[in-house]
>>> print(open('entry.cif').read())   # mmCIF, C-alpha atoms
data_work
loop_
_atom_site.label_atom_id
_atom_site.label_comp_id
_atom_site.auth_asym_id
_atom_site.auth_seq_id
_atom_site.Cartn_x
_atom_site.Cartn_y
_atom_site.Cartn_z
CA MET A 349 -33.15 77.60 281.21
CA THR A 350 -36.56 76.79 279.77
CA ARG A 351 -37.52 73.52 278.25
CA ARG A 352 -38.76 73.70 274.67
CA THR A 353 -41.95 71.87 273.84
CA LYS A 354 -42.79 70.08 270.60
CA LYS A 355 -45.16 72.93 269.79
CA ASP A 356 -42.36 75.48 270.24
CA GLU A 357 -40.11 73.36 268.03
CA ALA A 358 -42.76 73.16 265.30
CA ARG A 359 -43.30 76.93 265.34
CA THR A 360 -39.55 77.53 265.25
CA LEU A 361 -39.17 75.13 262.31
CA ALA A 362 -42.05 76.80 260.45
CA ILE A 363 -40.57 80.28 260.92
CA GLY A 364 -37.08 79.03 260.04
CA SER A 365 -38.47 77.43 256.88
CA ALA A 366 -40.18 80.69 255.92
CA ARG A 367 -36.93 82.58 256.43
CA ILE A 368 -35.01 80.09 254.29
CA ALA A 369 -37.64 80.43 251.57
CA GLY A 370 -37.24 84.20 251.76
CA ASP A 371 -33.46 83.94 251.62
CA GLY A 372 -33.92 81.74 248.54
CA ASN A 373 -35.96 84.47 246.81
CA CYS A 374 -39.35 82.80 247.15
CA GLU A 375 -42.27 85.20 247.12
CA ASP A 376 -45.52 85.69 249.04
CA ILE A 377 -44.46 83.53 251.99
CA VAL A 378 -47.18 82.68 254.49
CA VAL A 379 -47.06 80.66 257.71
CA LEU A 380 -50.45 79.32 258.83
CA ASP A 381 -51.05 78.12 262.39
CA LEU A 382 -53.25 75.05 261.96
CA ARG A 383 -53.26 74.00 265.62
CA GLY A 384 -56.88 73.49 266.59
CA VAL A 385 -57.92 73.72 262.93
CA SER A 386 -56.37 70.58 261.46
CA PRO A 387 -55.69 67.22 263.07
CA VAL A 388 -53.01 66.54 260.45
CA THR A 389 -50.30 69.15 261.17
CA ASP A 390 -49.59 72.22 263.28
CA TYR A 391 -48.21 74.61 260.65
CA PHE A 392 -48.22 75.16 256.90
CA VAL A 393 -45.52 77.21 255.25
CA ILE A 394 -46.59 78.31 251.78
CA ALA A 395 -44.33 80.08 249.31
CA THR A 396 -44.15 80.81 245.60
CA GLY A 397 -41.00 79.92 243.70
CA THR A 398 -39.81 81.35 240.42
CA SER A 399 -38.50 78.11 238.87
CA GLY A 400 -38.30 74.40 239.50
CA ARG A 401 -34.57 74.66 240.13
CA GLN A 402 -35.05 77.39 242.71
CA MET A 403 -37.82 75.46 244.50
CA ARG A 404 -35.64 72.32 244.63
CA SER A 405 -32.73 74.32 246.04
CA VAL A 406 -34.93 75.95 248.70
CA ALA A 407 -36.46 72.56 249.54
CA GLU A 408 -33.00 71.07 250.03
CA ASP A 409 -31.98 73.98 252.28
CA ILE A 410 -35.15 73.61 254.36
CA ALA A 411 -34.64 69.84 254.68
CA LEU A 412 -31.03 70.38 255.82
CA HIS A 413 -32.20 72.96 258.34
CA GLY A 414 -34.82 70.58 259.73
CA LYS A 415 -32.22 67.86 260.11
CA SER A 416 -29.79 70.27 261.81
CA VAL A 417 -32.39 71.17 264.47
CA GLY A 418 -33.36 67.55 265.12
CA GLN A 419 -36.49 67.54 262.96
CA PRO A 420 -35.65 65.60 259.81
CA VAL A 421 -38.08 65.69 256.93
CA TRP A 422 -40.39 62.67 256.98
CA HIS A 423 -41.51 62.81 253.34
CA VAL A 424 -40.75 64.87 250.23
CA ALA A 425 -43.02 64.96 247.17
CA GLY A 426 -42.87 66.70 243.83
CA LYS A 427 -39.18 67.48 243.89
CA ASP A 428 -38.73 66.39 240.28
CA GLY A 429 -41.87 68.04 238.92
CA GLY A 430 -41.00 71.72 239.16
CA THR A 431 -44.51 72.95 239.97
CA TRP A 432 -45.04 72.01 243.63
CA VAL A 433 -42.60 70.67 246.19
CA LEU A 434 -43.96 69.43 249.50
CA LEU A 435 -41.82 68.78 252.57
CA ASP A 436 -43.62 66.97 255.37
CA PHE A 437 -41.98 67.28 258.78
CA VAL A 438 -45.18 65.90 260.41
CA ASN A 439 -45.84 68.95 262.63
CA VAL A 440 -44.87 71.34 259.81
CA VAL A 441 -45.70 70.97 256.12
CA VAL A 442 -43.90 73.21 253.65
CA HIS A 443 -45.48 73.89 250.24
CA LEU A 444 -43.35 75.48 247.52
CA PHE A 445 -45.49 76.24 244.47
CA ASP A 446 -45.03 77.85 241.11
CA SER A 447 -47.47 80.77 240.77
CA GLU A 448 -49.99 78.88 238.60
CA HIS A 449 -50.36 75.93 240.98
CA ARG A 450 -50.43 78.12 244.06
CA ALA A 451 -53.38 80.04 242.62
CA TYR A 452 -55.09 76.80 241.57
CA TYR A 453 -54.82 75.05 244.95
CA ASP A 454 -55.28 78.28 246.98
CA LEU A 455 -54.43 76.73 250.34
CA GLU A 456 -54.88 80.07 252.10
CA LEU A 457 -58.55 80.04 251.07
CA ILE A 458 -59.06 76.40 252.05
CA TRP A 459 -57.46 77.04 255.46
CA GLY A 460 -58.83 80.57 255.73
CA GLU A 461 -59.81 80.20 259.39
CA ALA A 462 -56.20 79.44 260.36
CA PRO A 463 -54.36 82.41 261.87
CA ARG A 464 -51.27 83.67 260.08
CA VAL A 465 -48.03 83.63 262.01
CA LYS A 466 -46.18 86.92 261.92
CA TRP A 467 -42.53 86.38 261.09
CA GLN A 468 -39.63 88.47 259.87
CA PRO A 469 -36.86 87.60 257.42
CA ALA A 470 -33.55 86.51 258.90
CA GLY A 471 -31.51 89.47 260.07
CA SER A 472 -34.57 91.60 260.77
CA LYS A 473 -34.44 93.52 264.03
CA LYS A 474 -38.10 92.81 264.77
CA GLY A 475 -37.91 89.00 264.87
CA ALA A 476 -40.90 86.65 264.90
CA THR A 477 -43.98 87.16 267.03
#
>>> encode(input="entry.cif", output="structure tokens")
Amino acid sequence: MTRRTKKDEARTLAIGSARIAGDGNCEDIVVLDLRGVSPVTDYFVIATGTSGRQMRSVAEDIALHGKSVGQPVWHVAGKDGGTWVLLDFVNVVVHLFDSEHRAYYDLELIWGEAPRVKWQPAGSKKGAT
């Protein structure tokens, strides 16, 4: 039996969050590995939602998942706005944007030096790498 580290747990939460976003019909889902790039967090999960209701639902599912794996969400912002929902798990930050705000903030460009984590949707035979 191997002991999981905090870094393993953060990566697992990030990939799990991406999968939940995919299951919730979010689009263009990206997981950025910010370790060594940002002193603030280890991973960003960025996804585009199709409506405020959908983003709130996905955010709730991700928060429940975090809690179920012993990583409760520390802070939630924007849940009532419908354009950008942020879930801060400290080592993982999830951004759910509408398409307009995602293009405006362009986090992938800002954090362009961060490697992308390869992940697969839940049920995929390939799994995460």
>>> resolve_selection(input="entry.cif", expression="the PyMOL selection byres ((chain A and resi 361) around 12)", output="PyMOL selection string")
chain A and resi 354-360+362-368+379+390-393+410-421+435-442+467+476
>>> residues_around(input="entry.cif", residues="Val465 (chain A)", least_positions_apart="6", cutoff="8 Å", atoms="all atoms listed in the file", output="PyMOL selection string")
chain A and resi 378-381+477
>>> atom_distance(input="entry.cif", atom1="CA of Trp459 (chain A)", atom2="CA of Met403 (chain A)")
22.5 Å
>>> closest_residue(input="entry.cif", among="A:Tyr453, A:Leu434, A:Leu382, A:Ile377", to="Lys466 (chain A)", atoms="all atoms listed in the file")
A:Ile377
>>> axis_aligned_box(input="entry.cif", around="region 443-447 of chain A", padding_each_side="6 Å", output="JSON")
{"center_x": -45.4, "center_y": 77.3, "center_z": 245.5, "size_x": 16.1, "size_y": 18.9, "size_z": 21.5}
>>> closest_residue(input="entry.cif", among="A:Ala451, A:Cys374, A:Ala369, A:Ala425", to="Thr396 (chain A)", atoms="all atoms listed in the file")
A:Cys374
>>> residues_around(input="entry.cif", residues="Leu444 (chain A)", least_positions_apart="5", cutoff="6 Å", atoms="only C-alpha atoms", output="mmCIF file with C-alpha atoms, in the frame of the given file")
data_model
loop_
_atom_site.group_PDB
_atom_site.id
_atom_site.type_symbol
_atom_site.label_atom_id
_atom_site.label_comp_id
_atom_site.auth_asym_id
_atom_site.auth_seq_id
_atom_site.Cartn_x
_atom_site.Cartn_y
_atom_site.Cartn_z
ATOM 1 C CA ALA A 395 -44.330 80.080 249.310
ATOM 2 C CA THR A 396 -44.150 80.810 245.600
ATOM 3 C CA TRP A 432 -45.040 72.010 243.630
ATOM 4 C CA VAL A 433 -42.600 70.670 246.190
#
>>> atom_distance(input="entry.cif", atom1="CA of Thr389 (chain A)", atom2="CA of Gly372 (chain A)")
24.2 Å
>>> atom_distance(input="entry.cif", atom1="CA of Glu448 (chain A)", atom2="CA of Ser399 (chain A)")
11.5 Å
>>> resolve_selection(input="entry.cif", expression="the PyMOL selection byres ((chain A and resi 446) around 6)", output="number ranges by chain")
A: 396-397, 431, 445, 447-449
>>> residues_around(input="entry.cif", residues="Asp428 (chain A)", least_positions_apart="5", cutoff="10 Å", atoms="all atoms listed in the file", output="VMD selection string")
chain A and resid 400 to 401 404 433
>>> closest_residue(input="entry.cif", among="A:Thr398, A:His443, A:Leu455, A:Glu461", to="Glu375 (chain A)", atoms="all atoms listed in the file")
A:Thr398
>>> closest_residue(input="entry.cif", among="A:Gly426, A:Asp409, A:Pro469, A:Ile394", to="Arg450 (chain A)", atoms="all atoms listed in the file")
A:Ile394
